[in-house]
>>> print(open('my_file.cif').read())   # mmCIF, C-alpha atoms
data_model
loop_
_atom_site.label_atom_id
_atom_site.label_comp_id
_atom_site.auth_asym_id
_atom_site.auth_seq_id
_atom_site.Cartn_x
_atom_site.Cartn_y
_atom_site.Cartn_z
CA MET M 119 -43.48 33.20 27.54
CA ASN M 120 -40.20 31.23 27.65
CA GLU M 121 -39.24 28.86 24.86
CA SER M 122 -39.44 25.67 26.98
CA LYS M 123 -42.97 26.43 28.14
CA GLN M 124 -44.05 27.03 24.56
CA MET M 125 -42.63 23.65 23.57
CA TYR M 126 -44.64 21.95 26.33
CA LEU M 127 -47.79 23.72 25.16
CA ASN M 128 -47.08 22.72 21.57
CA MET M 129 -46.81 19.08 22.71
CA GLY M 130 -50.23 19.14 24.34
CA ILE M 131 -49.49 20.19 27.93
CA SER M 132 -51.98 22.72 29.27
CA GLU M 133 -50.91 25.84 31.15
CA LYS M 134 -52.43 24.49 34.38
CA VAL M 135 -50.46 21.26 34.19
CA PHE M 136 -47.29 23.15 33.25
CA ASP M 137 -47.60 25.68 36.07
CA LEU M 138 -48.28 23.00 38.70
CA SER M 139 -45.34 20.93 37.46
CA GLU M 140 -42.91 23.85 37.46
CA LYS M 141 -43.86 24.82 41.00
CA ILE M 142 -43.21 21.30 42.27
CA TRP M 143 -40.05 20.76 40.24
CA CYS M 144 -38.46 23.96 41.56
CA SER M 145 -39.19 22.90 45.16
CA LEU M 146 -37.08 19.74 44.82
CA GLU M 147 -33.66 21.32 44.28
CA GLU M 148 -32.20 20.38 47.68
CA ARG M 149 -33.50 16.80 47.44
CA PHE M 150 -31.93 16.44 44.01
CA LYS M 151 -28.55 17.63 45.32
CA ARG M 152 -28.48 14.66 47.72
CA ILE M 153 -29.22 12.29 44.86
CA ASP M 154 -26.40 13.84 42.83
CA ALA M 155 -23.97 13.27 45.71
CA VAL M 156 -24.71 9.53 45.71
CA SER M 157 -24.48 9.46 41.92
CA GLU M 158 -21.08 11.12 42.04
CA TYR M 159 -19.71 8.55 44.47
CA CYS M 160 -21.08 5.65 42.40
CA GLN M 161 -19.67 7.17 39.21
CA LEU M 162 -16.21 7.28 40.77
CA LYS M 163 -16.64 3.71 41.98
CA VAL M 164 -17.38 2.53 38.42
CA ILE M 165 -14.47 4.43 36.89
CA ASP M 166 -12.10 3.16 39.58
CA ALA M 167 -13.13 -0.45 38.87
CA MET M 168 -12.64 0.02 35.13
CA GLN M 169 -9.21 1.57 35.58
CA LYS M 170 -8.12 -1.02 38.14
CA ASN M 171 -8.94 -3.83 35.71
CA ARG M 172 -7.24 -2.08 32.77
CA VAL M 173 -10.24 -1.77 30.49
CA SER M 174 -8.82 -1.14 27.03
CA GLU M 175 -10.04 -0.65 23.49
CA ALA M 176 -9.43 -4.35 22.92
CA CYS M 177 -12.09 -5.09 25.55
CA LEU M 178 -14.75 -3.66 23.25
CA LEU M 179 -14.13 -5.98 20.29
CA GLY M 180 -16.21 -8.96 21.39
CA SER M 181 -16.15 -12.56 20.18
CA THR M 182 -18.15 -15.09 18.20
CA GLY M 183 -18.60 -18.84 18.22
CA TYR M 184 -17.53 -20.46 21.47
CA GLY M 185 -16.20 -17.22 22.87
CA TYR M 186 -12.99 -18.71 24.23
CA ASN M 187 -10.56 -16.20 25.76
CA ASP M 188 -12.94 -13.27 25.36
CA LEU M 189 -10.89 -10.48 26.94
CA GLY M 190 -13.71 -7.95 27.10
CA ARG M 191 -16.22 -10.37 28.65
CA ASP M 192 -13.79 -11.63 31.27
CA THR M 193 -12.61 -8.12 32.15
CA LEU M 194 -16.18 -6.86 32.46
CA GLU M 195 -16.91 -9.61 34.97
CA LYS M 196 -13.90 -8.50 37.01
CA VAL M 197 -15.22 -4.94 36.89
CA TYR M 198 -18.62 -6.03 38.20
CA ALA M 199 -16.99 -8.08 40.95
CA ASP M 200 -15.02 -5.02 42.06
CA ILE M 201 -18.04 -2.71 41.99
CA PHE M 202 -20.05 -5.14 44.13
CA HIS M 203 -17.00 -6.14 46.25
CA THR M 204 -17.44 -9.83 45.50
CA GLU M 205 -15.22 -12.76 44.61
CA ASP M 206 -16.64 -13.22 41.12
CA SER M 207 -19.45 -12.28 38.76
CA LEU M 208 -21.29 -13.55 35.69
CA VAL M 209 -22.33 -10.86 33.16
CA ARG M 210 -23.69 -12.29 29.92
CA PRO M 211 -25.92 -11.43 26.98
CA GLN M 212 -27.14 -15.03 27.14
CA ILE M 213 -29.07 -14.08 30.32
CA THR M 214 -32.28 -12.85 28.74
CA CYS M 215 -33.92 -10.85 31.56
CA GLY M 216 -34.09 -10.32 35.31
CA THR M 217 -36.40 -13.30 35.84
CA HIS M 218 -33.97 -15.50 33.90
CA ALA M 219 -31.05 -14.26 36.03
CA LEU M 220 -32.97 -15.05 39.23
CA ALA M 221 -34.06 -18.45 37.95
CA LEU M 222 -30.46 -19.19 37.03
CA ALA M 223 -29.25 -18.26 40.51
CA LEU M 224 -31.92 -20.36 42.23
CA MET M 225 -31.77 -23.43 40.01
CA SER M 226 -27.98 -23.58 40.13
CA ASN M 227 -27.59 -23.22 43.88
CA LEU M 228 -30.50 -25.38 45.08
CA ARG M 229 -30.74 -29.16 44.94
CA PRO M 230 -33.62 -31.64 45.33
CA GLY M 231 -34.65 -31.76 48.99
CA ASP M 232 -33.54 -28.18 49.67
CA GLU M 233 -35.95 -25.47 50.73
CA LEU M 234 -36.11 -21.90 49.49
CA LEU M 235 -37.27 -19.23 51.93
CA SER M 236 -38.58 -15.74 51.19
CA PRO M 237 -38.59 -13.76 54.46
CA VAL M 238 -40.02 -10.62 52.83
CA GLY M 239 -43.35 -11.94 51.57
CA LYS M 240 -44.55 -12.81 48.10
CA PRO M 241 -41.94 -12.56 45.34
CA TYR M 242 -42.45 -10.77 42.04
CA ASP M 243 -45.18 -12.31 39.89
CA THR M 244 -42.92 -13.93 37.28
CA LEU M 245 -40.98 -15.80 39.98
CA GLU M 246 -44.13 -17.67 40.99
CA ASN M 247 -43.69 -19.83 37.89
CA VAL M 248 -39.99 -20.34 38.59
CA ILE M 249 -40.66 -21.45 42.17
CA GLY M 250 -43.76 -23.47 41.32
CA ILE M 251 -46.26 -21.42 43.33
CA ARG M 252 -48.11 -21.44 40.02
CA PRO M 253 -47.48 -24.86 38.42
CA SER M 254 -45.06 -24.48 35.52
CA LYS M 255 -42.82 -26.73 33.45
CA GLY M 256 -39.29 -26.88 34.86
CA SER M 257 -40.12 -25.12 38.12
CA LEU M 258 -38.18 -25.68 41.33
CA ALA M 259 -41.16 -27.63 42.68
CA GLU M 260 -40.82 -30.17 39.84
CA TYR M 261 -37.27 -30.83 41.02
CA GLY M 262 -38.33 -31.49 44.61
CA ILE M 263 -37.32 -28.09 45.97
CA THR M 264 -39.83 -26.76 48.48
CA TYR M 265 -40.73 -23.16 49.22
CA SER M 266 -41.53 -21.30 52.42
CA GLN M 267 -42.64 -17.71 52.82
CA VAL M 268 -42.86 -15.31 55.76
CA ASP M 269 -44.85 -12.15 55.15
CA LEU M 270 -43.75 -8.79 56.42
CA CYS M 271 -45.56 -7.33 59.42
CA LYS M 272 -48.33 -4.82 58.77
CA ASP M 273 -45.93 -1.94 59.42
CA GLY M 274 -43.48 -3.30 56.84
CA SER M 275 -40.99 -4.65 59.37
CA PHE M 276 -39.56 -8.16 59.37
CA ASP M 277 -41.47 -10.88 61.22
CA LEU M 278 -38.38 -12.10 63.06
CA GLU M 279 -40.20 -14.76 65.07
CA GLY M 280 -41.88 -16.08 61.93
CA ILE M 281 -38.55 -16.19 60.09
CA LYS M 282 -36.89 -18.00 62.98
CA ASN M 283 -39.64 -20.61 62.99
CA ALA M 284 -39.51 -21.02 59.18
CA ILE M 285 -35.78 -21.78 59.01
CA ASN M 286 -35.07 -25.49 59.27
CA GLU M 287 -32.38 -28.02 58.38
CA ARG M 288 -33.48 -28.02 54.72
CA THR M 289 -33.35 -24.24 54.31
CA ARG M 290 -30.54 -23.81 51.81
CA LEU M 291 -31.16 -20.41 50.23
CA VAL M 292 -32.95 -17.25 51.34
CA THR M 293 -34.14 -14.89 48.61
CA ILE M 294 -34.58 -11.24 49.54
CA GLN M 295 -36.39 -9.05 47.03
CA ARG M 296 -35.09 -5.53 47.46
CA SER M 297 -37.78 -3.77 45.43
CA LYS M 298 -41.52 -3.89 46.05
CA GLY M 299 -42.65 -5.48 42.78
CA TYR M 300 -46.42 -5.20 42.33
CA GLN M 301 -46.90 -4.54 46.03
CA THR M 302 -47.06 -1.53 48.34
CA ARG M 303 -44.47 -2.63 50.85
CA PRO M 304 -41.31 -0.67 51.64
CA THR M 305 -38.33 -1.13 49.37
CA LEU M 306 -35.46 -2.46 51.45
CA SER M 307 -32.41 -0.34 52.12
CA VAL M 308 -28.97 -1.93 52.15
CA GLU M 309 -28.89 -1.33 55.91
CA LYS M 310 -32.17 -3.21 56.43
CA ILE M 311 -31.01 -6.04 54.18
CA GLY M 312 -27.83 -6.31 56.26
CA GLU M 313 -29.83 -6.52 59.48
CA LEU M 314 -32.01 -9.28 58.04
CA ILE M 315 -29.01 -11.25 56.80
CA SER M 316 -27.30 -11.00 60.20
CA PHE M 317 -30.43 -12.27 61.91
CA ILE M 318 -30.78 -15.20 59.49
CA ARG M 319 -27.11 -16.13 59.90
CA SER M 320 -27.50 -16.13 63.68
CA ILE M 321 -30.02 -18.95 63.23
CA LYS M 322 -28.37 -20.88 60.38
CA SER M 323 -24.86 -19.80 59.45
CA ASP M 324 -24.47 -21.79 56.22
CA VAL M 325 -27.57 -20.51 54.42
CA ILE M 326 -27.02 -18.71 51.09
CA CYS M 327 -28.44 -15.18 51.22
CA MET M 328 -29.40 -13.95 47.75
CA VAL M 329 -30.74 -10.49 46.95
CA ASP M 330 -32.90 -9.66 43.96
CA ASN M 331 -31.22 -6.32 43.28
CA CYS M 332 -33.42 -5.26 40.34
CA TYR M 333 -34.15 -1.50 40.28
CA GLY M 334 -31.89 -0.88 43.28
CA GLU M 335 -28.37 -0.64 41.84
CA PHE M 336 -26.59 2.70 42.40
CA THR M 337 -29.43 4.21 44.44
CA GLU M 338 -27.16 4.04 47.50
CA ILE M 339 -23.42 4.24 48.05
CA LYS M 340 -23.36 0.60 49.18
CA GLU M 341 -24.81 -2.53 47.58
CA PRO M 342 -26.30 -5.58 49.37
CA THR M 343 -23.04 -7.52 49.01
CA ASP M 344 -21.43 -4.84 51.21
CA ALA M 345 -23.96 -5.85 53.88
CA GLY M 346 -23.30 -9.59 53.80
CA ALA M 347 -25.26 -10.92 50.82
CA ASP M 348 -23.65 -13.97 49.20
CA LEU M 349 -25.19 -13.20 45.83
CA VAL M 350 -26.88 -10.26 44.08
CA VAL M 351 -28.80 -10.62 40.86
CA GLY M 352 -30.11 -8.11 38.33
CA SER M 353 -30.96 -7.19 34.76
CA LEU M 354 -28.88 -5.11 32.37
CA ILE M 355 -31.97 -3.51 30.84
CA LYS M 356 -32.56 -1.93 34.23
CA ASN M 357 -30.17 0.28 36.23
CA PRO M 358 -26.71 -1.19 35.50
CA GLY M 359 -27.19 -1.20 31.72
CA GLY M 360 -27.57 2.57 31.71
CA GLY M 361 -30.15 2.41 28.93
CA LEU M 362 -27.56 1.16 26.41
CA ALA M 363 -27.25 -2.57 27.14
CA PRO M 364 -29.46 -4.32 24.55
CA ILE M 365 -29.95 -7.48 26.64
CA GLY M 366 -28.33 -9.33 29.50
CA GLY M 367 -28.21 -9.96 33.21
CA TYR M 368 -25.65 -10.25 35.97
CA LEU M 369 -24.90 -12.24 39.09
CA ALA M 370 -22.20 -11.14 41.52
CA GLY M 371 -21.15 -12.94 44.66
CA LYS M 372 -19.20 -15.80 46.14
CA LYS M 373 -17.10 -17.76 43.70
CA GLU M 374 -18.90 -21.07 44.33
CA CYS M 375 -22.32 -19.50 43.69
CA ILE M 376 -21.09 -17.95 40.44
CA GLU M 377 -19.44 -21.17 39.28
CA ASN M 378 -22.69 -23.05 39.91
CA ALA M 379 -24.62 -20.46 37.90
CA ALA M 380 -22.13 -20.52 35.02
CA SER M 381 -22.33 -24.30 34.80
CA ARG M 382 -26.12 -24.06 34.65
CA LEU M 383 -26.09 -21.25 32.06
CA THR M 384 -23.75 -23.08 29.67
CA SER M 385 -22.80 -26.63 30.57
CA PRO M 386 -21.00 -28.54 33.32
CA GLY M 387 -17.34 -28.59 32.41
CA LEU M 388 -17.63 -25.46 30.26
CA ALA M 389 -19.05 -22.92 32.71
CA LYS M 390 -17.59 -19.43 32.19
CA GLU M 391 -15.14 -20.49 29.48
CA VAL M 392 -17.72 -20.25 26.70
CA GLY M 393 -20.37 -17.73 25.74
CA ALA M 394 -19.58 -15.29 22.96
CA SER M 395 -20.19 -11.63 23.71
CA LEU M 396 -20.91 -10.87 20.03
CA ASN M 397 -21.24 -7.09 19.55
CA ALA M 398 -22.67 -6.24 22.97
CA LEU M 399 -19.54 -5.24 24.89
CA PRO M 400 -19.35 -1.54 23.93
CA GLN M 401 -22.93 -1.05 25.16
CA PHE M 402 -22.27 -3.12 28.29
CA TYR M 403 -19.24 -1.03 29.24
CA GLN M 404 -20.64 2.37 28.27
CA GLY M 405 -24.01 1.57 29.81
CA LEU M 406 -22.32 0.65 33.09
CA PHE M 407 -20.31 3.88 32.91
CA LEU M 408 -23.53 5.91 32.51
CA ALA M 409 -25.57 3.87 35.01
CA PRO M 410 -25.01 6.04 38.14
CA SER M 411 -26.10 9.19 36.29
CA VAL M 412 -29.04 7.50 34.58
CA THR M 413 -30.20 6.00 37.89
CA ALA M 414 -30.07 9.44 39.49
CA ASN M 415 -32.29 10.82 36.70
CA ALA M 416 -34.78 8.01 37.26
CA LEU M 417 -34.85 8.75 41.00
CA LYS M 418 -35.54 12.42 40.33
CA SER M 419 -38.39 11.48 38.00
CA ALA M 420 -39.90 9.16 40.64
CA ILE M 421 -39.74 11.84 43.35
CA PHE M 422 -41.34 14.36 41.00
CA ALA M 423 -44.17 11.89 40.30
CA ALA M 424 -44.73 11.29 44.02
CA ASN M 425 -44.99 15.01 44.71
CA ILE M 426 -47.35 15.66 41.79
CA TYR M 427 -49.79 12.86 42.58
CA LYS M 428 -49.70 13.14 46.36
CA GLY M 429 -50.60 16.80 46.00
CA LEU M 430 -53.61 15.81 43.92
CA GLY M 431 -54.90 13.48 46.65
CA PHE M 432 -53.68 10.12 45.35
CA ASP M 433 -52.01 7.52 47.56
CA VAL M 434 -48.38 7.22 46.49
CA PHE M 435 -45.68 4.82 47.58
CA PRO M 436 -43.04 5.74 48.58
CA GLY M 437 -44.24 9.07 49.89
CA PRO M 438 -42.80 12.33 48.53
CA ASP M 439 -40.36 12.81 51.42
CA GLU M 440 -39.32 9.19 52.00
CA GLU M 441 -35.83 7.93 51.27
CA ARG M 442 -35.46 5.99 48.00
CA TYR M 443 -33.82 2.60 47.63
CA ASP M 444 -35.09 1.77 44.14
CA ILE M 445 -36.36 3.73 41.13
CA ILE M 446 -40.00 2.58 41.25
CA GLN M 447 -42.88 4.87 42.15
CA SER M 448 -46.39 3.52 42.63
CA VAL M 449 -49.59 5.55 42.45
CA THR M 450 -52.96 4.12 43.50
CA LEU M 451 -55.37 5.18 40.75
CA LYS M 452 -58.43 3.20 41.97
CA SER M 453 -59.96 2.51 38.55
CA PRO M 454 -58.99 0.72 35.32
CA GLU M 455 -59.83 3.88 33.36
CA ALA M 456 -57.36 5.95 35.38
CA LEU M 457 -54.67 3.27 35.12
CA CYS M 458 -55.02 3.11 31.35
CA ALA M 459 -55.12 6.91 31.04
CA PHE M 460 -51.89 7.26 33.05
CA CYS M 461 -50.10 4.74 30.84
CA GLU M 462 -51.43 6.41 27.69
CA GLY M 463 -49.86 9.65 28.85
CA ILE M 464 -46.50 8.01 29.49
CA GLN M 465 -46.62 6.46 26.02
CA LYS M 466 -47.34 9.85 24.44
CA ALA M 467 -44.08 11.13 25.93
CA ALA M 468 -42.02 8.35 24.34
CA PRO M 469 -39.46 9.06 21.59
CA VAL M 470 -40.24 5.65 20.09
CA ASP M 471 -43.85 4.57 19.40
CA GLY M 472 -45.17 7.77 20.93
CA PHE M 473 -48.17 7.50 18.61
CA VAL M 474 -49.20 4.08 19.97
CA ARG M 475 -51.92 3.57 22.58
CA PRO M 476 -51.04 0.83 25.09
CA GLU M 477 -53.66 -1.85 25.72
CA PRO M 478 -53.98 -4.35 28.60
CA TRP M 479 -53.02 -7.91 27.66
CA ASP M 480 -52.48 -11.36 29.11
CA MET M 481 -48.74 -11.06 29.60
CA PRO M 482 -46.76 -14.28 30.25
CA GLY M 483 -45.89 -14.83 33.91
CA TYR M 484 -48.69 -12.69 35.40
CA ASP M 485 -52.01 -13.70 36.98
CA SER M 486 -54.05 -10.84 35.46
CA ASP M 487 -54.03 -8.61 32.42
CA VAL M 488 -51.23 -6.03 32.54
CA ILE M 489 -50.94 -2.69 30.77
CA MET M 490 -47.47 -1.46 29.91
CA ALA M 491 -46.34 1.85 28.46
CA ALA M 492 -42.80 1.79 27.14
CA GLY M 493 -41.68 3.59 24.03
CA ALA M 494 -38.10 2.52 24.51
CA PHE M 495 -34.98 2.24 22.36
CA ILE M 496 -34.38 -1.17 23.97
CA SER M 497 -37.55 -3.27 24.01
CA GLY M 498 -38.81 -3.73 27.57
CA SER M 499 -36.07 -1.58 29.09
CA SER M 500 -37.45 -0.34 32.39
CA ILE M 501 -34.58 2.04 33.08
CA GLU M 502 -36.06 3.99 30.20
CA LEU M 503 -39.28 5.91 30.84
CA SER M 504 -42.00 3.34 31.41
CA ALA M 505 -45.11 2.56 33.45
CA ASP M 506 -47.12 -0.58 34.00
CA GLY M 507 -49.67 -2.13 36.28
CA PRO M 508 -51.99 -5.12 36.66
CA LEU M 509 -55.65 -4.61 35.81
CA LYS M 510 -56.87 -5.48 39.30
CA GLU M 511 -57.72 -3.57 42.46
CA PRO M 512 -56.52 -1.18 43.74
CA TYR M 513 -55.28 -0.36 40.23
CA ASN M 514 -51.77 0.69 41.15
CA VAL M 515 -49.52 1.99 38.41
CA TYR M 516 -45.77 1.48 38.74
CA PHE M 517 -43.69 4.23 37.14
CA GLN M 518 -39.96 3.93 36.63
CA GLY M 519 -37.09 5.14 34.54
CA GLY M 520 -36.18 8.16 32.52
CA LEU M 521 -32.70 8.22 30.98
CA THR M 522 -32.79 11.98 31.44
CA TYR M 523 -34.68 13.87 34.11
CA GLN M 524 -36.14 16.10 31.38
CA HIS M 525 -37.79 13.09 29.79
CA GLY M 526 -39.03 11.77 33.12
CA LYS M 527 -40.53 15.17 33.86
CA LEU M 528 -42.31 15.24 30.48
CA GLY M 529 -43.66 11.73 31.03
CA ILE M 530 -45.27 12.60 34.36
CA MET M 531 -46.70 15.81 32.93
CA MET M 532 -48.15 13.83 30.01
CA SER M 533 -49.64 11.25 32.39
CA LEU M 534 -51.37 14.01 34.35
CA GLN M 535 -52.55 15.71 31.16
CA SER M 536 -54.11 12.42 30.04
CA LEU M 537 -56.02 12.14 33.31
CA VAL M 538 -57.15 15.76 33.01
CA ASP M 539 -58.27 15.32 29.39
CA LYS M 540 -60.41 12.33 30.41
CA ASP M 541 -61.93 14.34 33.28
CA ILE M 542 -60.50 11.91 35.85
CA VAL M 543 -58.49 14.70 37.48
CA ARG M 544 -59.57 18.32 37.74
CA LEU M 545 -57.10 21.12 38.37
#
>>> encode(input="my_file.cif", output="structure tokens")
Amino acid sequence: MNESKQMYLNMGISEKVFDLSEKIWCSLEERFKRIDAVSEYCQLKVIDAMQKNRVSEACLLGSTGYGYNDLGRDTLEKVYADIFHTEDSLVRPQITCGTHALALALMSNLRPGDELLSPVGKPYDTLENVIGIRPSKGSLAEYGITYSQVDLCKDGSFDLEGIKNAINERTRLVTIQRSKGYQTRPTLSVEKIGELISFIRSIKSDVICMVDNCYGEFTEIKEPTDAGADLVVGSLIKNPGGGLAPIGGYLAGKKECIENAASRLTSPGLAKEVGASLNALPQFYQGLFLAPSVTANALKSAIFAANIYKGLGFDVFPGPDEERYDIIQSVTLKSPEALCAFCEGIQKAAPVDGFVRPEPWDMPGYDSDVIMAAGAFISGSSIELSADGPLKEPYNVYFQGGLTYQHGKLGIMMSLQSLVDKDIVRL
């Protein structure tokens, strides 16, 4: 018996789970080579941007107080702008999460009387409070900004006629969520996003096209801004932080959009000139440097999960052989017991809080109890191995992350072992 197998057995993995996992893992070699090719290109793109903007040791020192003339912060924003091929960017530890980054983009670029349009259906749950779909203090609705939504067609394609009819003289900004969120719709490729933007611009040329890029960065050679997006938004505790960024978010896009966001984040008249980076810059730079490789590991883990669970008869989305445009894998578990068991298994694989059992709770911003498994070095970091899902039918779990593919592999094996131990799955 080889040493690695013995370690798995010592950690509670049965021989049946191990043997099934090894068979599937070994079958994915060619698929993983294609992922590595994209990762290599993106790695070179990041290094090229850092070298072009003369990143130096002085860029890692940070600032305090007002943060005037923060060399590292200002250089990092030039690096992000180059990576995304945009005029400007805003990359700050003062942006607390992905939802905050999106709210910042929306609230700074919309004005009373404007209308926001989502042409790809319902946005992620936490944005419902931002928009005012669920009444909330400080929402866009409270400021007289209306919202319109066009659902995708049943086959996941864009409802072009519906979108055309929804766009009117008040439509100021279109928000395109790249990832699926808590839904089972296709994640959008950069190519598809570009087609949608071109169609929207053919109807109203001056509309701002914003893409929620969370979970999608570095999964393809191109980013949405290469396909015509005016603005992309994301979180640094997801893909671009590489598992090292302790907090933060980014916006990259047209200069006017970024200036509006900076004035909203700090203050009119101050904008990007203030905002101390404190001690976060080494992690921001090194995390960005690692991000293409870390994202590739997360993609491999997601594909492994899809193959495991599809083979056991579960509905998975995306399917095992489908192309990937984000790092999220959903599995339809059909019962609260199975959902909780899956998450318990993921938690058992964690290097931090691996002894803790996750419990469903009334999490802020969601319309039902949510269970989350995340034994992460950075609290809430979903580029690290994690899984979560709402306690409602059809009881989908959403798996993402894995800083290393070895850890992602262990997590999926542990999730399956948990289901086997509770007699939910039989091998």
>>> atom_distance(input="my_file.cif", atom1="atom CA of M:Phe422", atom2="atom CA of M:Tyr516")
13.8 Å
>>> residues_around(input="my_file.cif", residues="M:Asn331", least_positions_apart="4", cutoff="6 Å", atoms="all atoms listed in the file", output="ChimeraX atom specification")
/M:296,350-352
>>> closest_residue(input="my_file.cif", among="M:Lys240, M:Lys123, M:Lys255, M:Arg290", to="M:Asp269", atoms="only C-alpha atoms")
M:Lys240
>>> closest_residue(input="my_file.cif", among="M:Pro438, M:Pro237, M:Gly312, M:Gly519", to="M:Lys282", atoms="only C-alpha atoms")
M:Pro237
>>> closest_residue(input="my_file.cif", among="M:Ser236, M:Glu338, M:Arg319, M:Asp541", to="M:Ile294", atoms="all atoms listed in the file")
M:Ser236
>>> closest_residue(input="my_file.cif", among="M:Gly280, M:Gly185, M:Pro400, M:Gly190", to="M:Asn171", atoms="all atoms listed in the file")
M:Gly190
>>> closest_residue(input="my_file.cif", among="M:Tyr126, M:Tyr368, M:Phe202, M:Tyr333", to="M:His218", atoms="all atoms listed in the file")
M:Tyr368
>>> resolve_selection(input="my_file.cif", expression="the PyMOL selection byres ((chain M and resi 427-434) around 8)", output="list in words")
Ala423, Ala424, Asn425, Ile426, Phe435, Pro436, Gly437, Pro438, Gln447, Ser448, Val449, Thr450 and Leu451 of chain M
>>> resolve_selection(input="my_file.cif", expression="the PyMOL selection byres ((chain M and resi 334) around 7)", output="VMD selection string")
chain M and resid 297 331 to 333 335 to 337 443 to 445
>>> decode(input="my_file.cif", residues="stretch 225-241 of chain M", atoms="N, CA and C atoms", output="tab-separated table (two decimals), in the first residue's frame")
chain	number	residue	atom	x	y	z
M	225	MET	N	-23.97	52.29	-6.86
M	225	MET	CA	-24.41	53.53	-6.21
M	225	MET	C	-23.63	54.74	-6.69
M	226	SER	N	-22.42	54.52	-7.21
M	226	SER	CA	-21.62	55.64	-7.68
M	226	SER	C	-21.88	56.00	-9.13
M	227	ASN	N	-22.44	55.08	-9.89
M	227	ASN	CA	-22.64	55.33	-11.32
M	227	ASN	C	-24.11	55.42	-11.73
M	228	LEU	N	-25.01	55.36	-10.75
M	228	LEU	CA	-26.43	55.56	-10.99
M	228	LEU	C	-26.91	56.79	-10.22
M	229	ARG	N	-27.91	57.46	-10.76
M	229	ARG	CA	-28.46	58.66	-10.13
M	229	ARG	C	-29.98	58.52	-10.03
M	230	PRO	N	-30.61	59.28	-9.14
M	230	PRO	CA	-32.07	59.22	-9.03
M	230	PRO	C	-32.73	59.42	-10.39
M	231	GLY	N	-33.70	58.54	-10.69
M	231	GLY	CA	-34.38	58.58	-11.98
M	231	GLY	C	-33.81	57.60	-12.98
M	232	ASP	N	-32.59	57.10	-12.72
M	232	ASP	CA	-32.00	56.09	-13.61
M	232	ASP	C	-32.65	54.73	-13.36
M	233	GLU	N	-32.46	53.84	-14.32
M	233	GLU	CA	-32.92	52.46	-14.15
M	233	GLU	C	-31.76	51.49	-14.35
M	234	LEU	N	-31.72	50.50	-13.48
M	234	LEU	CA	-30.75	49.42	-13.55
M	234	LEU	C	-31.42	48.21	-14.19
M	235	LEU	N	-30.72	47.57	-15.13
M	235	LEU	CA	-31.28	46.40	-15.81
M	235	LEU	C	-30.36	45.20	-15.62
M	236	SER	N	-30.94	44.07	-15.22
M	236	SER	CA	-30.23	42.80	-15.24
M	236	SER	C	-30.81	41.95	-16.36
M	237	PRO	N	-30.05	41.72	-17.43
M	237	PRO	CA	-30.55	40.93	-18.56
M	237	PRO	C	-30.28	39.43	-18.42
M	238	VAL	N	-29.78	39.02	-17.26
M	238	VAL	CA	-29.43	37.61	-17.06
M	238	VAL	C	-30.17	37.02	-15.86
M	239	GLY	N	-31.32	37.58	-15.55
M	239	GLY	CA	-32.14	37.04	-14.47
M	239	GLY	C	-31.79	37.61	-13.11
M	240	LYS	N	-32.25	36.92	-12.10
M	240	LYS	CA	-32.12	37.34	-10.71
M	240	LYS	C	-30.65	37.43	-10.29
M	241	PRO	N	-30.26	38.53	-9.65
M	241	PRO	CA	-28.88	38.65	-9.18
M	241	PRO	C	-28.66	37.83	-7.92
